[in-house]
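One file, final_18.cif, carrying mmCIF, C-alpha atoms:
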data_structure
loop_
_atom_site.label_atom_id
_atom_site.label_comp_id
_atom_site.auth_asym_id
_atom_site.auth_seq_id
_atom_site.Cartn_x
_atom_site.Cartn_y
_atom_site.Cartn_z
CA SER O 24 -90.23 -17.25 188.22
CA LEU O 25 -88.97 -15.35 185.17
CA SER O 26 -89.83 -11.92 186.62
CA PRO O 27 -88.32 -9.93 189.53
CA GLN O 28 -91.79 -8.58 190.32
CA ILE O 29 -93.31 -12.05 190.51
CA THR O 30 -90.41 -13.37 192.58
CA GLU O 31 -90.76 -10.58 195.15
CA SER O 32 -94.54 -11.04 195.24
CA ILE O 33 -94.20 -14.78 195.87
CA TYR O 34 -91.99 -14.07 198.87
CA LEU O 35 -94.40 -11.38 200.04
CA VAL O 36 -97.25 -13.89 200.34
CA GLY O 37 -94.98 -16.37 202.11
CA ALA O 38 -94.47 -18.89 199.33
CA GLY O 39 -90.75 -18.43 198.74
CA GLU O 40 -90.02 -22.07 199.58
CA LYS O 41 -91.97 -23.10 196.48
CA LEU O 42 -89.57 -21.34 194.13
CA VAL O 43 -87.11 -23.70 192.47
CA GLY O 44 -85.50 -21.10 190.23
CA VAL O 45 -85.40 -17.39 189.44
CA THR O 46 -83.68 -15.05 186.97
CA ASP O 47 -80.34 -13.33 187.42
CA PHE O 48 -82.29 -10.09 187.94
CA CYS O 49 -84.35 -11.42 190.87
CA LYS O 50 -82.53 -9.83 193.81
CA ARG O 51 -85.39 -8.88 196.14
CA PRO O 52 -85.80 -10.00 198.81
CA THR O 53 -82.22 -11.07 199.58
CA GLU O 54 -83.37 -14.69 199.99
CA ALA O 55 -84.11 -14.79 196.27
CA ARG O 56 -80.40 -14.47 195.51
CA LYS O 57 -79.83 -17.93 196.96
CA LYS O 58 -82.20 -19.60 194.50
CA GLU O 59 -81.03 -21.44 191.39
CA LYS O 60 -80.50 -18.98 188.53
CA MET O 61 -82.20 -19.51 185.18
CA GLY O 62 -80.61 -16.74 183.08
CA THR O 63 -82.18 -13.37 182.31
CA PRO O 64 -85.89 -12.66 181.77
CA LEU O 65 -85.36 -12.21 178.02
CA ARG O 66 -82.83 -15.04 177.65
CA PRO O 67 -83.65 -17.75 180.18
CA ASP O 68 -81.84 -21.09 180.06
CA ILE O 69 -84.56 -23.32 178.63
CA GLU O 70 -82.65 -26.57 179.17
CA LYS O 71 -82.01 -25.71 182.80
CA ILE O 72 -85.66 -24.84 183.36
CA VAL O 73 -86.73 -28.18 181.89
CA SER O 74 -84.22 -30.03 184.07
CA MET O 75 -85.71 -28.46 187.20
CA ARG O 76 -89.13 -29.93 186.32
CA PRO O 77 -91.21 -27.02 187.68
CA ASP O 78 -94.97 -27.41 188.14
CA ILE O 79 -95.45 -24.00 186.52
CA VAL O 80 -93.37 -21.14 185.12
CA PHE O 81 -94.53 -17.57 185.73
CA GLY O 82 -93.72 -14.80 183.25
CA THR O 83 -94.90 -11.33 182.23
CA ARG O 84 -95.83 -10.06 178.79
CA GLU O 85 -93.66 -6.97 179.19
CA GLY O 86 -90.56 -8.80 180.42
CA ASN O 87 -90.52 -12.23 178.80
CA SER O 88 -90.43 -13.19 175.14
CA PRO O 89 -93.57 -14.92 173.84
CA LEU O 90 -91.24 -17.18 171.83
CA VAL O 91 -89.63 -18.39 175.05
CA MET O 92 -92.95 -18.97 176.76
CA SER O 93 -94.44 -20.83 173.80
CA ARG O 94 -91.33 -23.00 173.59
CA LEU O 95 -91.76 -23.96 177.23
CA GLU O 96 -95.35 -24.90 176.48
CA ARG O 97 -94.25 -27.10 173.59
CA LEU O 98 -91.95 -28.86 176.04
CA ASN O 99 -95.03 -29.67 178.15
CA ILE O 100 -94.25 -27.13 180.87
CA LYS O 101 -97.24 -25.29 182.24
CA ILE O 102 -96.89 -21.50 182.07
CA HIS O 103 -98.82 -18.47 183.24
CA TYR O 104 -98.31 -15.20 181.41
CA PHE O 105 -99.29 -12.10 183.40
CA ASN O 106 -100.48 -9.01 181.54
CA ARG O 107 -98.63 -5.75 182.09
CA PRO O 108 -100.49 -3.76 184.78
CA LYS O 109 -101.52 -0.29 183.66
CA THR O 110 -103.17 0.79 186.93
CA PHE O 111 -103.14 0.04 190.64
CA ALA O 112 -106.30 -2.04 190.13
CA ASP O 113 -104.54 -4.14 187.48
CA LEU O 114 -101.62 -4.69 189.85
CA MET O 115 -104.01 -5.87 192.59
CA ASP O 116 -105.73 -8.27 190.18
CA ASN O 117 -102.41 -9.81 189.11
CA PHE O 118 -101.27 -10.11 192.72
CA LEU O 119 -104.46 -11.86 193.79
CA THR O 120 -104.25 -14.28 190.85
CA LEU O 121 -100.66 -15.13 191.78
CA SER O 122 -101.62 -15.56 195.44
CA LYS O 123 -104.31 -18.07 194.48
CA MET O 124 -101.97 -19.99 192.19
CA VAL O 125 -99.36 -20.48 194.93
CA GLY O 126 -101.95 -21.45 197.54
CA LYS O 127 -101.79 -18.19 199.49
CA GLU O 128 -105.07 -16.50 198.59
CA GLU O 129 -105.94 -15.45 202.15
CA ARG O 130 -102.53 -13.88 202.69
CA GLY O 131 -102.80 -12.18 199.30
CA ARG O 132 -106.15 -10.65 200.21
CA GLN O 133 -104.72 -9.43 203.53
CA ILE O 134 -101.83 -7.68 201.74
CA ILE O 135 -104.20 -6.09 199.21
CA LYS O 136 -106.33 -4.78 202.09
CA ILE O 137 -103.23 -3.35 203.78
CA ALA O 138 -102.08 -1.76 200.51
CA ARG O 139 -105.45 -0.14 199.79
CA GLY O 140 -105.62 1.12 203.37
CA GLY O 141 -102.17 2.65 202.98
CA LEU O 142 -103.11 4.94 200.10
CA PRO O 143 -103.28 8.66 200.90
CA LYS O 144 -106.68 9.77 202.19
CA THR O 145 -106.41 13.20 200.58
CA GLU O 146 -105.08 14.43 197.24
CA SER O 147 -102.19 16.51 198.56
CA GLY O 148 -100.94 17.14 195.04
CA LYS O 149 -104.26 18.21 193.53
CA GLY O 150 -103.57 19.96 190.24
CA GLN O 151 -99.80 20.07 190.78
CA LYS O 152 -97.56 19.37 187.79
CA VAL O 153 -95.21 16.37 187.83
CA LEU O 154 -92.35 15.25 185.59
CA TRP O 155 -91.46 11.57 186.00
CA GLN O 156 -88.09 11.05 184.32
CA VAL O 157 -86.91 7.53 183.47
CA GLY O 158 -84.00 8.20 181.11
CA ALA O 159 -81.39 10.92 180.63
CA ASP O 160 -79.61 10.29 177.32
CA PRO O 161 -81.91 10.34 175.49
CA LEU O 162 -84.33 12.17 177.79
CA VAL O 163 -87.28 9.84 178.45
CA ALA O 164 -90.28 10.38 180.72
CA ALA O 165 -93.35 8.49 181.89
CA SER O 166 -96.43 9.78 180.07
CA ASN O 167 -100.11 9.90 180.96
CA ASN O 168 -100.37 6.39 179.44
CA SER O 169 -97.74 4.85 181.71
CA PHE O 170 -98.07 2.80 184.87
CA ALA O 171 -96.24 5.58 186.75
CA ASN O 172 -99.08 7.92 185.80
CA ASP O 173 -101.40 6.05 188.16
CA ILE O 174 -99.10 6.97 191.05
CA ILE O 175 -99.37 10.63 190.02
CA LEU O 176 -103.17 10.44 189.71
CA LEU O 177 -103.59 8.81 193.13
CA VAL O 178 -102.16 11.92 194.79
CA GLY O 179 -104.18 14.27 192.57
CA GLY O 180 -101.19 15.36 190.52
CA SER O 181 -101.01 16.17 186.82
CA ASN O 182 -98.48 14.55 184.49
CA ILE O 183 -96.91 17.19 182.25
CA ILE O 184 -96.09 14.61 179.54
CA GLU O 185 -98.97 13.51 177.32
CA SER O 186 -98.34 10.83 174.72
CA GLU O 187 -99.82 7.65 173.31
CA LEU O 188 -96.49 6.00 174.15
CA PRO O 189 -96.02 5.08 177.83
CA TYR O 190 -92.37 6.21 177.92
CA PRO O 191 -91.68 8.65 175.07
CA ARG O 192 -88.55 10.59 174.30
CA ILE O 193 -88.97 14.26 175.17
CA ASN O 194 -86.90 17.43 174.94
CA ALA O 195 -85.82 19.74 177.75
CA GLU O 196 -87.55 22.74 176.16
CA GLU O 197 -90.92 21.00 176.50
CA VAL O 198 -90.30 20.47 180.22
CA VAL O 199 -89.16 24.06 180.77
CA LEU O 200 -92.34 25.42 179.20
CA LYS O 201 -94.58 23.28 181.43
CA VAL O 202 -92.85 24.14 184.75
CA PRO O 203 -93.25 21.02 186.90
CA LYS O 204 -93.52 21.46 190.67
CA VAL O 205 -92.20 17.97 191.41
CA ILE O 206 -89.56 16.10 189.41
CA VAL O 207 -89.28 12.37 190.02
CA LEU O 208 -85.92 10.82 189.17
CA THR O 209 -85.51 7.04 189.08
CA ASP O 210 -82.28 5.13 189.61
CA MET O 211 -82.41 3.45 186.20
CA GLY O 212 -78.83 3.68 185.04
CA TYR O 213 -78.36 7.43 184.73
CA ASN O 214 -76.65 9.91 187.06
CA VAL O 215 -79.51 11.12 189.25
CA LYS O 216 -77.45 13.88 190.86
CA SER O 217 -76.44 15.32 187.48
CA GLU O 218 -80.06 15.37 186.34
CA GLU O 219 -81.14 17.12 189.53
CA GLU O 220 -78.50 19.80 188.96
CA ARG O 221 -79.64 20.16 185.32
CA TRP O 222 -83.24 20.88 186.28
CA LYS O 223 -82.32 23.17 189.18
CA ARG O 224 -80.97 25.63 186.63
CA TYR O 225 -84.54 26.08 185.40
CA PHE O 226 -86.66 25.30 188.47
CA ASP O 227 -85.09 26.50 191.69
CA LYS O 228 -88.28 25.87 193.68
CA ALA O 229 -89.05 22.38 192.35
CA GLN O 230 -89.16 19.39 194.69
CA PHE O 231 -87.03 16.38 193.72
CA ILE O 232 -87.80 12.79 194.61
CA ILE O 233 -85.50 9.87 193.87
CA MET O 234 -87.57 6.73 193.38
CA ASP O 235 -86.41 3.14 193.41
CA ALA O 236 -86.81 1.81 189.85
CA TYR O 237 -88.59 -1.22 191.31
CA SER O 238 -91.50 1.00 192.44
CA VAL O 239 -92.66 1.24 188.84
CA GLY O 240 -90.70 -1.38 186.93
CA SER O 241 -91.35 -4.30 189.28
CA PRO O 242 -93.79 -3.22 192.00
CA THR O 243 -95.59 -5.26 194.58
CA PRO O 244 -98.74 -3.78 196.15
CA ILE O 245 -96.66 -2.61 199.12
CA THR O 246 -93.82 -0.97 197.16
CA PHE O 247 -96.37 0.69 194.86
CA VAL O 248 -98.19 2.27 197.80
CA ASP O 249 -94.86 3.35 199.30
CA ALA O 250 -94.14 5.20 196.03
CA VAL O 251 -97.58 6.88 196.11
CA ASN O 252 -97.00 8.08 199.67
CA ARG O 253 -93.53 9.39 198.90
CA LEU O 254 -94.95 11.44 196.06
CA ALA O 255 -97.82 12.65 198.25
CA ASP O 256 -95.36 13.75 200.94
CA SER O 257 -93.52 15.95 198.44
CA PHE O 258 -96.61 18.16 198.07
CA ARG O 259 -97.14 18.72 201.80
#
Using structure tokens, write down the structure that the file contains.
Amino acid sequence: SLSPQITESIYLVGAGEKLVGVTDFCKRPTEARKKEKMGTPLRPDIEKIVSMRPDIVFGTREGNSPLVMSRLERLNIKIHYFNRPKTFADLMDNFLTLSKMVGKEERGRQIIKIARGGLPKTESGKGQKVLWQVGADPLVAASNNSFANDIILLVGGSNIIESELPYPRINAEEVVLKVPKVIVLTDMGYNVKSEEERWKRYFDKAQFIIMDAYSVGSPTPITFVDAVNRLADSFR
């Protein structure tokens, strides 16, 4: 597996014993840390992968270079390249495909059923404005064309950032004018506490949620639904 998301999903369906190698970034669940390391998603060790003689190598179009994947194919290694999910439905489709490919289709379908059943039954955030911040310097947010936007929509919320880019740079003035009710901060390398203090100067009644970066960057069906419910709870 050349993707933290795929690695965690393989363990989730109970096929962790089939993994012969993972990337340096594959740290969930903790058992994955004991697997042979193959470098980073963008710079995997091709020679080491070949030496492990895997039946298949899983990668994602957003996280793995097409040059790397095509090189593996030229070396007669079977690959499967997953498309970047843009919605919850896309995520479910990818998860079911993976489940089938590792011989765990029934377990995969069970998890999908659990995930769908775990979504909020009501739109507690109907019409409420949300800022989903992913970077601080420069200031970057998830737009209405991002995967995170589906989390916002599933609780009935409204993303204050509209852009053709999924994660555009924005300016603080734009946020101030749109007055979000909920501000989501993700632990993606910036000081979350400092950003919370920054926004409190403008929005003293805003709710703040700190999300695990994995909930959007590398979600499984279960972690995605957990993120939806955490956002829903902030509106109650």
TODO: Using the chain letters and residue numbers of this document, give as number ranges by chain the residues selected by the PyMOL selection byres ((chain O and resi 115) around 10).
DONE: O: 108, 110-114, 116-121, 131-132, 134-136, 138-139, 243-244
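Proximity ranking of O:Leu95, O:Ile183, O:Val207, O:Ile193 relative to Leu162 in chain O places O:Ile193 first, based on all atoms listed in the file.
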Given the point (-91.8, -22.2, 173.8) in the file's coordinates, find the residues that have an atom at most 12 Å from it, counting all atoms listed in the file, and give them as an mmCIF file with C-alpha atoms, in the coordinates of the input.
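Final output, part27.cif:
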data_model
loop_
_atom_site.group_PDB
_atom_site.id
_atom_site.type_symbol
_atom_site.label_atom_id
_atom_site.label_comp_id
_atom_site.auth_asym_id
_atom_site.auth_seq_id
_atom_site.Cartn_x
_atom_site.Cartn_y
_atom_site.Cartn_z
ATOM 1 C CA PRO O 67 -83.650 -17.750 180.180
ATOM 2 C CA ASP O 68 -81.840 -21.090 180.060
ATOM 3 C CA ILE O 69 -84.560 -23.320 178.630
ATOM 4 C CA GLU O 70 -82.650 -26.570 179.170
ATOM 5 C CA ILE O 72 -85.660 -24.840 183.360
ATOM 6 C CA VAL O 73 -86.730 -28.180 181.890
ATOM 7 C CA VAL O 80 -93.370 -21.140 185.120
ATOM 8 C CA ASN O 87 -90.520 -12.230 178.800
ATOM 9 C CA SER O 88 -90.430 -13.190 175.140
ATOM 10 C CA PRO O 89 -93.570 -14.920 173.840
ATOM 11 C CA LEU O 90 -91.240 -17.180 171.830
ATOM 12 C CA VAL O 91 -89.630 -18.390 175.050
ATOM 13 C CA MET O 92 -92.950 -18.970 176.760
ATOM 14 C CA SER O 93 -94.440 -20.830 173.800
ATOM 15 C CA ARG O 94 -91.330 -23.000 173.590
ATOM 16 C CA LEU O 95 -91.760 -23.960 177.230
ATOM 17 C CA GLU O 96 -95.350 -24.900 176.480
ATOM 18 C CA ARG O 97 -94.250 -27.100 173.590
ATOM 19 C CA LEU O 98 -91.950 -28.860 176.040
ATOM 20 C CA ASN O 99 -95.030 -29.670 178.150
ATOM 21 C CA ILE O 100 -94.250 -27.130 180.870
ATOM 22 C CA LYS O 101 -97.240 -25.290 182.240
ATOM 23 C CA ILE O 102 -96.890 -21.500 182.070
#
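Evaluated on this file, the PyMOL selection byres ((chain O and resi 225) around 12) matches Ala195, Glu196, Val198, Val199, Leu200, Lys201, Val202, Pro203, Lys204, Ile206, Glu218, Glu219, Glu220, Arg221, Trp222, Lys223, Arg224, Phe226, Asp227, Lys228 and Ala229 of chain O.
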For those residues, write C-alpha atoms to a file as a compact mmCIF listing (two decimals), keeping the file's coordinate frame.
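Listed below is the output, part_24.txt:
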# COMPACT_ATOMS: atom_id res chain seq x y z
CA ALA O 195 -85.82 19.74 177.75
CA GLU O 196 -87.55 22.74 176.16
CA VAL O 198 -90.30 20.47 180.22
CA VAL O 199 -89.16 24.06 180.77
CA LEU O 200 -92.34 25.42 179.20
CA LYS O 201 -94.58 23.28 181.43
CA VAL O 202 -92.85 24.14 184.75
CA PRO O 203 -93.25 21.02 186.90
CA LYS O 204 -93.52 21.46 190.67
CA ILE O 206 -89.56 16.10 189.41
CA GLU O 218 -80.06 15.37 186.34
CA GLU O 219 -81.14 17.12 189.53
CA GLU O 220 -78.50 19.80 188.96
CA ARG O 221 -79.64 20.16 185.32
CA TRP O 222 -83.24 20.88 186.28
CA LYS O 223 -82.32 23.17 189.18
CA ARG O 224 -80.97 25.63 186.63
CA PHE O 226 -86.66 25.30 188.47
CA ASP O 227 -85.09 26.50 191.69
CA LYS O 228 -88.28 25.87 193.68
CA ALA O 229 -89.05 22.38 192.35
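Residues surrounding Val178 in chain O within 9 Å are Leu142, Pro143, Lys144, Thr145, Glu146, Ser147, Gly148, Lys149, Asp173, Ile174, Val251, Asn252, Leu254, Ala255 and Phe258 of chain O [only C-alpha atoms; sequence separation below 4 positions excluded].
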Task: Length of the CA of Gly44 in chain O to CA of Gly82 in chain O vector [Å] - done: 12.5 Å
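The two atoms in question, CA of Glu187 in chain O and CA of Asn167 in chain O, are spaced 8.0 Å apart.
Atom pair CA of Lys71 in chain O / CA of Phe105 in chain O: separated by 22.0 Å.
In terms of minimum interatomic distance to Val36 in chain O, O:Ile245 ranks closest within O:Ile175, O:Ile245, O:Ala164, O:Val239, counting all atoms listed in the file.
Shortest atom-to-atom contact with Pro191 in chain O among O:Phe231, O:Phe48, O:Tyr104, O:Trp155: O:Trp155, counting all atoms listed in the file.
Among the candidates O:Phe81, O:Tyr190, O:Tyr237, O:Tyr213, the one nearest to Ser166 in chain O when counting only C-alpha atoms is O:Tyr190.
Residues matched by the PyMOL selection byres ((chain O and resi 150) around 8) in this file: Gly148, Lys149, Gln151, Lys152, Gly179, Gly180 and Ser181 of chain O.
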Task: O:Gln156, O:Thr209, O:Ser26, O:Gln133 ranked by distance to Ser238 in chain O, top pick (using only C-alpha atoms) - done: O:Thr209
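Closest approach to Asp249 in chain O from the set O:Ala38, O:Met124, O:Ile137, O:Val205 is made by O:Ile137, with distances taken over all atoms listed in the file.
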TODO: Neighbourhood query: residues within 12 Å of (-83.2, -10.4, 191.9), file coordinates, counting only C-alpha atoms; return as a VMD selection string.
DONE: chain O and resid 24 to 32 34 44 to 64 237 241
